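Novice: Take a look at start.csv, CSV, C-alpha atoms:
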```
chain,number,residue,atom,x,y,z
A,1,MET,CA,-17.9,-12.4,-7.5
A,2,THR,CA,-20.4,-9.8,-8.6
A,3,ASP,CA,-21.1,-9.3,-12.3
A,4,GLN,CA,-18.1,-7.4,-13.8
A,5,SER,CA,-19.4,-7.2,-17.4
A,6,HIS,CA,-19.6,-3.4,-17.3
A,7,VAL,CA,-15.8,-3.4,-17.0
A,8,PHE,CA,-15.2,-4.9,-20.4
A,9,GLN,CA,-17.4,-2.5,-22.4
A,10,THR,CA,-15.6,-0.4,-25.0
A,11,ARG,CA,-15.0,3.0,-23.4
A,12,THR,CA,-16.2,6.3,-24.8
A,13,VAL,CA,-14.0,8.5,-22.6
A,14,PRO,CA,-10.5,8.0,-21.2
A,15,THR,CA,-10.8,5.5,-18.4
A,16,MET,CA,-8.7,4.5,-15.4
A,17,TYR,CA,-9.4,1.2,-13.6
A,18,PHE,CA,-9.3,0.4,-9.9
A,19,ILE,CA,-8.5,-3.3,-9.4
A,20,GLY,CA,-9.3,-4.4,-5.9
A,21,VAL,CA,-11.7,-6.3,-3.7
A,22,THR,CA,-14.4,-3.8,-2.7
A,23,THR,CA,-13.7,-0.9,-4.9
A,24,GLY,CA,-17.1,0.6,-4.7
A,25,GLN,CA,-16.6,1.3,-1.0
A,26,SER,CA,-13.4,3.3,-1.6
A,27,LEU,CA,-13.5,7.1,-1.3
A,28,ILE,CA,-11.6,7.4,-4.5
A,29,MET,CA,-14.9,6.9,-6.4
A,30,ASP,CA,-16.0,10.2,-5.0
A,31,VAL,CA,-12.6,11.8,-5.0
A,32,PHE,CA,-11.6,11.0,-8.6
A,33,PRO,CA,-14.1,13.2,-10.4
A,34,LYS,CA,-12.8,16.2,-8.4
A,35,TRP,CA,-9.2,15.3,-9.1
A,36,SER,CA,-10.1,14.8,-12.8
A,37,GLU,CA,-11.5,18.3,-12.9
A,38,ILE,CA,-8.4,19.8,-11.1
A,39,LEU,CA,-6.0,18.0,-13.4
A,40,GLY,CA,-8.1,18.5,-16.6
A,41,LEU,CA,-8.2,14.8,-17.3
A,42,GLY,CA,-11.8,14.5,-18.7
A,43,ALA,CA,-11.7,10.9,-17.5
A,44,GLU,CA,-13.6,8.5,-15.4
A,45,ILE,CA,-12.7,5.7,-13.1
A,46,VAL,CA,-14.2,2.1,-13.2
A,47,GLY,CA,-13.8,-0.5,-10.4
A,48,TYR,CA,-12.9,-4.1,-11.0
A,49,ASP,CA,-13.6,-6.4,-8.0
A,50,ALA,CA,-11.9,-9.7,-7.7
A,51,PRO,CA,-11.7,-12.0,-4.6
A,52,ILE,CA,-8.4,-12.4,-2.8
A,53,ASN,CA,-6.3,-15.0,-4.6
A,54,ALA,CA,-8.5,-14.8,-7.7
A,55,PRO,CA,-8.0,-17.3,-10.6
A,56,ALA,CA,-5.4,-16.2,-13.1
A,57,GLU,CA,-7.9,-15.8,-15.8
A,58,ASN,CA,-9.6,-13.0,-13.9
A,59,TYR,CA,-6.4,-11.0,-13.9
A,60,ARG,CA,-5.6,-11.8,-17.5
A,61,ALA,CA,-9.0,-10.7,-18.6
A,62,ILE,CA,-8.8,-7.2,-17.1
A,63,VAL,CA,-5.2,-6.7,-18.2
A,64,HIS,CA,-6.1,-7.8,-21.8
A,65,HIS,CA,-8.9,-5.3,-21.8
A,66,ILE,CA,-6.7,-2.4,-20.6
A,67,LYS,CA,-4.1,-3.4,-23.2
A,68,THR,CA,-6.4,-3.6,-26.2
A,69,ASP,CA,-9.0,-0.9,-25.6
A,70,PRO,CA,-7.6,2.5,-26.8
A,71,LEU,CA,-9.5,4.5,-24.1
A,72,SER,CA,-8.5,2.3,-21.2
A,73,LEU,CA,-5.4,4.0,-20.1
A,74,GLY,CA,-4.3,2.1,-17.1
A,75,ALA,CA,-5.1,1.0,-13.5
A,76,LEU,CA,-4.3,1.2,-9.8
A,77,VAL,CA,-3.9,-2.3,-8.3
A,78,THR,CA,-4.5,-3.0,-4.7
A,79,THR,CA,-4.5,-6.3,-2.8
A,80,HIS,CA,-3.8,-8.2,-6.0
A,81,LYS,CA,-0.4,-6.7,-6.7
A,82,ILE,CA,1.6,-9.9,-6.5
A,83,ASP,CA,-1.0,-12.3,-7.9
A,84,LEU,CA,-1.9,-10.1,-10.8
A,85,LEU,CA,1.7,-9.9,-12.0
A,86,ASN,CA,2.3,-13.6,-11.5
A,87,ALA,CA,-0.6,-14.3,-13.8
A,88,THR,CA,0.1,-11.6,-16.5
A,89,ARG,CA,3.8,-11.0,-16.6
A,90,ASP,CA,4.0,-12.1,-20.2
A,91,MET,CA,1.5,-9.4,-21.2
A,92,PHE,CA,3.7,-6.5,-20.1
A,93,ASP,CA,6.2,-4.9,-22.4
A,94,TYR,CA,8.0,-3.1,-19.5
A,95,LEU,CA,8.4,-3.4,-15.8
A,96,ASP,CA,10.0,-0.6,-13.8
A,97,PRO,CA,13.0,-1.4,-11.5
A,98,HIS,CA,10.8,-1.6,-8.3
A,99,ALA,CA,8.4,-4.0,-10.0
A,100,GLU,CA,11.3,-6.2,-11.1
A,101,LEU,CA,12.8,-6.2,-7.6
A,102,THR,CA,9.5,-6.8,-5.7
A,103,GLY,CA,7.7,-9.0,-8.1
A,104,GLU,CA,4.5,-6.9,-7.9
A,105,ILE,CA,2.8,-4.0,-9.6
A,106,SER,CA,0.5,-1.4,-8.2
A,107,CYS,CA,0.2,0.6,-11.4
A,108,ILE,CA,-0.6,-0.2,-15.0
A,109,SER,CA,0.1,2.4,-17.7
A,110,LYS,CA,0.4,2.7,-21.4
A,111,ARG,CA,2.6,4.5,-23.8
A,112,GLY,CA,1.3,4.0,-27.3
A,113,ASN,CA,0.9,0.2,-27.8
A,114,LEU,CA,3.3,-0.6,-24.9
A,115,LEU,CA,1.9,-1.8,-21.6
A,116,ALA,CA,4.0,-1.0,-18.5
A,117,GLY,CA,3.8,-2.2,-14.9
A,118,HIS,CA,5.1,-0.1,-12.0
A,119,ALA,CA,5.5,-0.7,-8.3
A,120,LYS,CA,4.7,2.7,-6.9
A,121,ASP,CA,4.3,1.6,-3.3
A,122,PRO,CA,8.0,2.2,-2.3
A,123,ILE,CA,7.6,5.8,-3.4
A,124,ALA,CA,4.1,6.3,-1.9
A,125,SER,CA,5.0,4.6,1.4
A,126,GLY,CA,8.2,6.7,1.6
A,127,LEU,CA,6.3,9.9,1.2
A,128,ALA,CA,3.8,8.7,3.9
A,129,TRP,CA,6.7,7.7,6.2
A,130,GLN,CA,8.2,11.1,5.9
A,131,ALA,CA,4.9,12.7,7.0
A,132,PHE,CA,5.2,11.4,10.6
A,133,ASN,CA,8.9,10.5,11.1
A,134,GLU,CA,11.3,13.3,11.8
A,135,PRO,CA,14.8,13.4,10.4
A,136,GLY,CA,17.2,11.6,12.8
A,137,GLU,CA,14.4,10.3,14.9
A,138,TRP,CA,15.4,6.6,14.7
A,139,GLY,CA,18.9,7.3,15.7
A,140,ARG,CA,17.6,9.0,18.9
A,141,THR,CA,15.1,6.3,19.9
A,142,ASN,CA,16.8,3.1,18.7
A,143,GLY,CA,13.3,1.7,18.1
A,144,HIS,CA,12.3,-1.3,16.0
A,145,VAL,CA,9.6,-1.8,13.5
A,146,LEU,CA,7.1,-4.6,14.0
A,147,CYS,CA,5.2,-5.0,10.7
A,148,LEU,CA,2.2,-7.3,11.0
A,149,GLY,CA,1.8,-8.6,7.4
A,150,ALA,CA,4.4,-9.3,4.8
A,151,GLY,CA,2.6,-8.5,1.6
A,152,GLY,CA,3.1,-5.7,-0.8
A,153,ALA,CA,2.9,-2.9,1.7
A,154,ALA,CA,5.5,-4.5,4.0
A,155,VAL,CA,7.8,-5.0,1.0
A,156,ALA,CA,7.4,-1.3,0.0
A,157,ILE,CA,8.0,0.1,3.5
A,158,SER,CA,10.9,-2.1,4.3
A,159,LEU,CA,12.6,-1.3,1.1
A,160,TYR,CA,12.2,2.4,1.6
A,161,VAL,CA,13.4,2.6,5.2
A,162,SER,CA,16.3,0.2,4.7
A,163,ARG,CA,17.8,2.3,1.9
A,164,LEU,CA,17.5,5.7,3.6
A,165,PRO,CA,21.0,7.3,3.2
A,166,ASP,CA,21.2,8.6,6.8
A,167,PRO,CA,21.7,5.8,9.4
A,168,ALA,CA,19.8,7.9,11.9
A,169,ASP,CA,16.7,7.7,9.7
A,170,ARG,CA,16.7,3.9,9.7
A,171,PRO,CA,15.3,1.6,12.3
A,172,ARG,CA,17.8,-0.8,13.8
A,173,LYS,CA,15.5,-3.8,13.3
A,174,PHE,CA,12.5,-4.6,11.1
A,175,ILE,CA,10.4,-7.6,12.2
A,176,ALA,CA,8.0,-9.0,9.6
A,177,VAL,CA,5.2,-11.3,10.7
A,178,ASP,CA,2.8,-13.1,8.4
A,179,ARG,CA,0.6,-16.2,8.4
A,180,SER,CA,2.2,-17.3,5.0
A,181,GLN,CA,5.7,-18.7,5.1
A,182,GLY,CA,5.8,-18.2,1.3
A,183,ARG,CA,5.3,-14.5,1.7
A,184,LEU,CA,8.0,-14.3,4.3
A,185,ASP,CA,10.4,-16.2,2.1
A,186,SER,CA,9.6,-13.8,-0.8
A,187,LEU,CA,10.3,-10.9,1.5
A,188,ARG,CA,13.5,-12.4,2.6
A,189,ALA,CA,14.6,-13.0,-1.0
A,190,ILE,CA,13.9,-9.3,-1.8
A,191,HIS,CA,15.9,-8.1,1.2
A,192,ALA,CA,18.8,-10.3,0.1
A,193,LYS,CA,19.2,-8.2,-3.0
A,194,ILE,CA,19.7,-4.9,-1.2
A,195,ASP,CA,22.7,-3.5,0.8
A,196,THR,CA,21.5,-2.4,4.2
A,197,ASP,CA,22.5,-2.5,7.9
A,198,VAL,CA,18.9,-2.9,9.0
A,199,GLU,CA,18.5,-6.3,10.8
A,200,PHE,CA,15.5,-8.2,9.4
A,201,GLU,CA,13.6,-10.9,11.3
A,202,TYR,CA,10.8,-13.1,9.7
A,203,ILE,CA,8.2,-14.8,11.9
A,204,CYS,CA,5.4,-17.1,10.6
A,205,ASN,CA,2.4,-16.6,12.8
A,206,ASP,CA,-1.3,-15.9,12.7
A,207,ASP,CA,-2.0,-15.9,16.4
A,208,PRO,CA,-2.9,-12.5,17.7
A,209,VAL,CA,-1.8,-13.5,21.2
A,210,LYS,CA,1.7,-14.2,20.0
A,211,ASN,CA,1.6,-10.8,18.1
A,212,ASP,CA,0.8,-9.3,21.5
A,213,ALA,CA,3.9,-10.9,23.0
A,214,LEU,CA,6.1,-9.7,20.1
A,215,MET,CA,4.8,-6.2,20.6
A,216,GLY,CA,5.5,-6.4,24.3
A,217,LYS,CA,9.2,-7.1,23.7
A,218,LEU,CA,9.7,-4.0,21.5
A,219,PRO,CA,11.9,-1.2,22.9
A,220,PRO,CA,10.4,2.2,23.6
A,221,GLY,CA,9.9,4.4,20.6
A,222,SER,CA,9.2,1.4,18.3
A,223,LEU,CA,6.6,1.4,15.5
A,224,VAL,CA,3.9,-1.2,15.0
A,225,ILE,CA,2.3,-1.5,11.6
A,226,ASN,CA,-1.0,-3.2,10.6
A,227,ALA,CA,-0.2,-4.3,7.0
A,228,THR,CA,-2.4,-7.3,7.1
A,229,GLY,CA,-5.6,-5.9,5.6
A,230,MET,CA,-7.5,-6.9,8.7
A,231,GLY,CA,-10.0,-4.3,9.6
A,232,LYS,CA,-10.8,-3.6,5.9
A,233,ASP,CA,-10.5,-6.6,3.6
A,234,THR,CA,-11.0,-9.1,6.4
A,235,PRO,CA,-12.5,-8.7,9.8
A,236,GLY,CA,-10.6,-8.2,13.1
A,237,SER,CA,-7.1,-7.1,14.1
A,238,PRO,CA,-3.8,-8.8,14.2
A,239,ILE,CA,-3.5,-8.1,17.9
A,240,THR,CA,-5.9,-8.5,20.8
A,241,ASP,CA,-7.4,-5.8,23.1
A,242,GLN,CA,-4.9,-6.9,25.7
A,243,GLY,CA,-1.8,-6.1,23.5
A,244,VAL,CA,0.3,-3.3,24.8
A,245,PHE,CA,2.0,-0.8,22.4
A,246,PRO,CA,5.6,0.3,23.0
A,247,GLN,CA,6.0,3.2,25.3
A,248,ASN,CA,6.3,6.5,23.4
A,249,GLY,CA,6.0,4.5,20.2
A,250,LYS,CA,3.9,4.7,17.1
A,251,ALA,CA,1.1,2.7,15.5
A,252,TRP,CA,0.5,2.9,11.8
A,253,GLU,CA,-2.8,1.5,10.5
A,254,LEU,CA,-2.4,1.3,6.7
A,255,ASN,CA,-6.1,1.3,6.1
A,256,TYR,CA,-8.2,4.4,6.1
A,257,ARG,CA,-11.6,2.8,5.8
A,258,GLY,CA,-13.4,-0.2,7.3
A,259,ALA,CA,-13.8,-1.3,10.9
A,260,LEU,CA,-10.2,-0.3,11.6
A,261,ASP,CA,-10.0,-2.4,14.8
A,262,PHE,CA,-6.2,-2.0,15.1
A,263,LEU,CA,-6.5,1.8,14.8
A,264,HIS,CA,-9.0,1.9,17.6
A,265,GLN,CA,-6.9,-0.3,19.8
A,266,ALA,CA,-4.0,2.0,19.4
A,267,ARG,CA,-6.0,5.1,20.0
A,268,ARG,CA,-7.2,3.7,23.4
A,269,GLN,CA,-3.6,3.6,24.5
A,270,ALA,CA,-2.5,6.9,22.9
A,271,GLU,CA,-2.6,9.0,26.0
A,272,THR,CA,-1.5,6.4,28.6
A,273,ARG,CA,1.4,5.0,26.5
A,274,GLY,CA,2.3,8.1,24.6
A,275,ILE,CA,1.5,6.5,21.3
A,276,HIS,CA,1.4,8.5,18.0
A,277,VAL,CA,-1.3,7.0,15.9
A,278,GLU,CA,-1.3,7.3,12.2
A,279,ASP,CA,-4.0,6.0,9.8
A,280,GLY,CA,-3.7,5.2,6.1
A,281,TRP,CA,-5.1,8.5,4.8
A,282,VAL,CA,-1.8,10.1,3.7
A,283,TYR,CA,-0.6,6.7,2.2
A,284,PHE,CA,-3.9,6.6,0.3
A,285,LEU,CA,-3.4,10.1,-1.1
A,286,HIS,CA,0.2,9.5,-2.2
A,287,GLY,CA,-0.6,6.0,-3.5
A,288,TRP,CA,-3.4,7.3,-5.7
A,289,SER,CA,-1.8,10.5,-6.9
A,290,GLN,CA,1.5,8.7,-7.8
A,291,VAL,CA,-0.5,6.2,-10.0
A,292,ILE,CA,-2.7,8.8,-11.6
A,293,ALA,CA,0.4,10.9,-12.5
A,294,GLU,CA,1.9,7.8,-14.2
A,295,VAL,CA,-1.3,6.7,-16.0
A,296,PHE,CA,-2.0,10.2,-17.3
A,297,HIS,CA,1.7,11.2,-17.8
A,298,LEU,CA,1.6,14.2,-15.4
A,299,ASP,CA,4.2,16.1,-13.4
A,300,LEU,CA,3.0,15.9,-9.8
A,301,THR,CA,4.3,19.0,-8.2
A,302,PRO,CA,3.9,19.8,-4.4
A,303,GLU,CA,1.4,22.5,-5.3
A,304,ILE,CA,-0.7,20.1,-7.4
A,305,PHE,CA,-0.5,17.5,-4.6
A,306,ALA,CA,-1.7,20.1,-2.1
A,307,ALA,CA,-4.7,20.9,-4.3
A,308,LEU,CA,-5.5,17.2,-4.6
A,309,GLU,CA,-5.2,16.7,-0.8
A,310,ARG,CA,-7.6,19.6,-0.1
A,311,ALA,CA,-10.2,18.2,-2.6
A,312,ALA,CA,-10.0,14.7,-1.1
A,313,SER,CA,-10.2,15.9,2.5
A,314,SER,CA,-13.3,17.9,1.6
A,315,VAL,CA,-15.0,14.7,0.4
A,316,ARG,CA,-13.8,12.7,3.4
A,317,ALA,CA,-15.2,15.3,5.8
```
What's the structure tokens form of this structure?
Specialist:
Amino acid sequence: MTDQSHVFQTRTVPTMYFIGVTTGQSLIMDVFPKWSEILGLGAEIVGYDAPINAPAENYRAIVHHIKTDPLSLGALVTTHKIDLLNATRDMFDYLDPHAELTGEISCISKRGNLLAGHAKDPIASGLAWQAFNEPGEWGRTNGHVLCLGAGGAAVAISLYVSRLPDPADRPRKFIAVDRSQGRLDSLRAIHAKIDTDVEFEYICNDDPVKNDALMGKLPPGSLVINATGMGKDTPGSPITDQGVFPQNGKAWELNYRGALDFLHQARRQAETRGIHVEDGWVYFLHGWSQVIAEVFHLDLTPEIFAALERAASSVRA
């Protein structure tokens, strides 16, 4: 891991942290100053890079710093959501209901001397889902969801869609695939706590060829999600170039940066298979804006979100 000593300096201005793997490559480092100006925060953002499955002391060090430094106001956590909470749960004074249910946090905030952990992904993923799924659509298509990856994003998306009040907005079946049986068991345990008619299936697999086969069995109108981190945090794609997406279905690449192999595979079939292809940009915007609103105790109105979206899109362009 690169030197992180700058992270633990006593701050001179209000500071929000970004706890990830390659934070310096994220567009948020260029977007945040514009958002800070729009929101009147007068704050800066500092990245903290840790390897995947970092030692517990890494997580405890950054959380301790946030908790004890008066101008360190909170953080967004990506990739490390589960591992960080497992290592630091005793350091938090409050966990929101989503964090208690999922056993992960994507947001750290402070109120006075109290340190709070929040799982914002079920909210952010729901807002991103709404952006490309029409009301009643799943009742018309009877499609399934194949989610490649069973980490935090899979937890968030599955919780959101399985609890939608209108049955026509819920997929009939949600298939989660992951190389880790432990992650699948954790996901199953979370689903066991909720009341839903969505059928869940859990498959332990890391062979892209088998993922191709699973994708080939999906009914028309189904959605395939890359929630593995492959194409950003790790190289490659969870499927091969020979994999065939469901006819008139959808592909959702949760990443917005990196090699994005899965995204390109889907785009090559967009016209011939009638595939709607969605990247992770809208998810990125909602994920960050929800956390910033929590950290800085803001009311995030649709008008404010629209202004943030315009500013971020200008940087991306």
Novice: Distance table requested - segment 84-130 of chain A against segment 57-76 of chain A, cut-off 9 Å, all atoms listed in the file: one row per qualifying residue with the closest atom pair and its distance in Å to one decimal, ordered by chain and rising residue number, as a Markdown table.
Specialist:
```
| residue | atom | partner | partner_atom | distance |
| --- | --- | --- | --- | --- |
| A:Leu84 | CA | A:Tyr59 | CA | 5.5 |
| A:Leu85 | CA | A:Tyr59 | CA | 8.4 |
| A:Ala87 | CA | A:Tyr59 | CA | 6.7 |
| A:Thr88 | CA | A:Arg60 | CA | 5.8 |
| A:Met91 | CA | A:His64 | CA | 7.8 |
| A:Phe92 | CA | A:Lys67 | CA | 8.9 |
| A:Ile105 | CA | A:Leu76 | CA | 8.8 |
| A:Ser106 | CA | A:Leu76 | CA | 5.7 |
| A:Cys107 | CA | A:Leu76 | CA | 4.8 |
| A:Ile108 | CA | A:Gly74 | CA | 4.8 |
| A:Ser109 | CA | A:Gly74 | CA | 4.5 |
| A:Lys110 | CA | A:Leu73 | CA | 6.1 |
| A:Arg111 | CA | A:Leu73 | CA | 8.8 |
| A:Asn113 | CA | A:Lys67 | CA | 7.7 |
| A:Leu114 | CA | A:Lys67 | CA | 8.1 |
| A:Leu115 | CA | A:Lys67 | CA | 6.4 |
| A:Ala116 | CA | A:Gly74 | CA | 9.0 |
```
Novice: Considering only C-alpha atoms, can you say which of A:Arg179, A:Arg267, A:His297, A:His118 comes closest to Pro208 of chain A?
Specialist: A:Arg179
Novice: Between atom CA of Asp212 of chain A and atom CA of Ile239 of chain A, what is the distance in Å, rounded to a tenth?
Specialist: 5.7 Å
Novice: From the set A:Asp49, A:Glu37, A:Asp299, A:Asp30, which residue has the shortest atom-to-atom contact distance to His6 of chain A, counting all atoms listed in the file?
Specialist: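 Comparing A:Asp49, A:Glu37, A:Asp299, A:Asp30 against His6 of chain A, the winner is A:Asp49.
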Novice: Using only C-alpha atoms for the distances, tell me which of A:Gln269, A:Thr10, A:Thr196, A:Thr15 is nearest to Ser36 of chain A.
Specialist: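 The closest residue to Ser36 of chain A is A:Thr15.
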Novice: Expressed in Å to a single decimal, how great is the separation between atom CA of Ser26 of chain A and atom CA of Ser180 of chain A?
Specialist: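 Taking atom CA of Ser26 of chain A as the start and atom CA of Ser180 of chain A as the end point, the length is 26.7 Å.
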